[in-house]
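Undergrad: Dumping the structure here so I can ask a few things about it.
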Amino acid sequence: MKEININTHISVFNGIDELPYEVQSLMHQAIEVRKKAYAPYSHFRVGAAILLDNGKVVLGSNQENAAYPSGLCAERVAIFQAGAIYPDAKIIQLAITAASDTNPTKSPIPPCGACRQSIAEYEFKQDTPIEIYFMGESGEVYKSNSIGNLLPLSFDKTSL
């Protein structure tokens, strides 16, 4: 038997003001679109903003449904929208913010497992890492240089 150690590197910023200017702008766009989320069941709103290599920004917010599996997370709304409108563009950065209507959300909220897998698919497709910034409604912002930090041992087309 052998043992495999997996290391993850996350940078921590004390708040939005510590982020590089262009990332601050992206995060503010994620905050604004978060407010437009359709979350009548969970009352948990998520916004995502994606910067593409063509300079375009694509936004997404979570969209719930009474039949829970039919809803979609903000990250996947934005990623699939980017893939549909700009299929040849690369995703450079992804900013995510989450807030509850009922409880303060001060800890950084990472993408769920399904969103991590979707991000991995696009990172693999474009063969370049995607910077991922995520936060709650306020407080610290975490940065991962690649989905590999959040989803080690990922599943991709080479596994098929």
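FYI, nothing fancy with the structure tokens labels: chains A, B, ... in order, residues from 1 per chain, ligands from 1 as they appear.
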Can you pull out every residue within 6 Å of stretch 13-21 of chain A, counting only C-alpha atoms, but drop anything in the same chain fewer than 6 positions away, and send it as an mmCIF file with N, CA, C and O atoms, in the first residue's frame?
TA:
```cif
data_model
loop_
_atom_site.group_PDB
_atom_site.id
_atom_site.type_symbol
_atom_site.label_atom_id
_atom_site.label_comp_id
_atom_site.auth_asym_id
_atom_site.auth_seq_id
_atom_site.Cartn_x
_atom_site.Cartn_y
_atom_site.Cartn_z
ATOM 1 N N GLY A 139 -17.369 39.881 4.393
ATOM 2 C CA GLY A 139 -16.235 39.230 5.038
ATOM 3 C C GLY A 139 -15.190 38.711 4.068
ATOM 4 O O GLY A 139 -15.019 39.257 2.976
ATOM 5 N N GLU A 140 -14.513 37.654 4.480
ATOM 6 C CA GLU A 140 -13.397 37.125 3.710
ATOM 7 C C GLU A 140 -13.813 36.626 2.332
ATOM 8 O O GLU A 140 -14.935 36.156 2.136
ATOM 9 N N VAL A 141 -12.846 36.737 1.415
ATOM 10 C CA VAL A 141 -13.004 36.199 0.065
ATOM 11 C C VAL A 141 -11.897 35.174 -0.125
ATOM 12 O O VAL A 141 -10.724 35.468 0.124
#
```
Undergrad: Could you please write out, as a ChimeraX atom specification, every residue of stretch 97-153 of chain A that DSSP assigns to strand (DSSP E)?
TA: /A:97-100,131-135,141-144
Undergrad: With C-alpha atoms kept, could you save the residues just selected as a PDB file, in the first residue's frame?
TA:
```pdb
ATOM      1  CA  THR A  97     -21.230  35.301  -3.586  1.00  0.00           C
ATOM      2  CA  ALA A  98     -23.980  33.786  -1.437  1.00  0.00           C
ATOM      3  CA  ALA A  99     -26.398  35.246   1.102  1.00  0.00           C
ATOM      4  CA  SER A 100     -29.316  33.948   3.128  1.00  0.00           C
ATOM      5  CA  GLU A 131      -9.445  31.539 -11.015  1.00  0.00           C
ATOM      6  CA  ILE A 132     -12.336  31.113  -8.577  1.00  0.00           C
ATOM      7  CA  TYR A 133     -13.182  33.763  -5.971  1.00  0.00           C
ATOM      8  CA  PHE A 134     -15.941  33.059  -3.459  1.00  0.00           C
ATOM      9  CA  MET A 135     -17.457  34.734  -0.427  1.00  0.00           C
ATOM     10  CA  VAL A 141     -13.004  36.199   0.065  1.00  0.00           C
ATOM     11  CA  TYR A 142     -11.286  32.936  -0.842  1.00  0.00           C
ATOM     12  CA  LYS A 143      -9.389  32.484  -4.089  1.00  0.00           C
ATOM     13  CA  SER A 144      -8.485  29.216  -5.762  1.00  0.00           C
TER      14      SER A 144
END
```
Undergrad: Report as number ranges by chain all protein, DNA and RNA residues lying within 10 Å of stretch 53-70 of chain A, evaluated on only C-alpha atoms, omitting residues in the same chain fewer than 4 positions from it.
TA: A: 26, 29-49, 74-83, 85-86, 88-98
Undergrad: Using the chain letters and numbers from this document, which residues of chain A does DSSP assign to helix (DSSP H, G or I), as JSON, numbers by chain?
TA: {"A": [16, 17, 18, 21, 22, 23, 24, 25, 26, 27, 28, 29, 30, 31, 32, 33, 34, 68, 69, 70, 74, 75, 76, 77, 78, 79, 80, 81, 82, 83, 84, 85, 113, 114, 115, 116, 117, 118, 119, 120, 121, 122, 123, 124, 125, 126, 147, 148, 149, 157, 158, 159]}
Undergrad: My list of candidates is A:Ser138, A:Thr105, A:Ser146, A:Ser154. Which is closest to A:Gln117 when distances are computed with only C-alpha atoms?
TA: A:Ser154
Undergrad: Counting only C-alpha atoms, figure out which residue out of A:Leu52, A:Met1, A:Leu72, A:Ile10 gets nearest to A:Ile130.
TA: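 Using only C-alpha atoms, A:Ile130 sits closest to A:Leu52.
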Undergrad: Extract, using only C-alpha atoms, all DNA, RNA and protein residues at most 10 Å from A:Lys125, discarding same-chain residues fewer than 3 positions from it, and format them as an MDAnalysis selection string.
TA: chainID A and resid 90 119:122 128 156:157
Undergrad: Please, what distance in Å, to one decimal, runs between atom CA of A:Lys106 and atom CA of A:Glu137?
TA: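 Between atom CA of A:Lys106 and atom CA of A:Glu137 the gap is 6.0 Å.
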Undergrad: Between A:Ile50, A:Leu160, A:Ala84, A:Leu150, which one has atoms that come closest to A:Ile109, using only C-alpha atoms?
TA: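 Smallest separation from A:Ile109 among the options: A:Leu150.
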Undergrad: Rounded to one decimal in Å, what is the spacing between atom CA of A:Glu123 and atom CA of A:Ser107?
TA: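 Between these atoms lies a distance of 25.4 Å.
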Undergrad: Which residue out of A:Asn145, A:His28, A:Gly136, A:Glu3 has the minimum interatomic distance to A:Pro104 when only C-alpha atoms are used?
TA: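 That would be A:Gly136, the residue with the smallest distance to A:Pro104.
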Undergrad: Quick one: pull the distance between atom CA of A:Leu153 and atom CA of A:Ile6, Å, one decimal.
TA: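 Between these atoms lies a distance of 9.1 Å.
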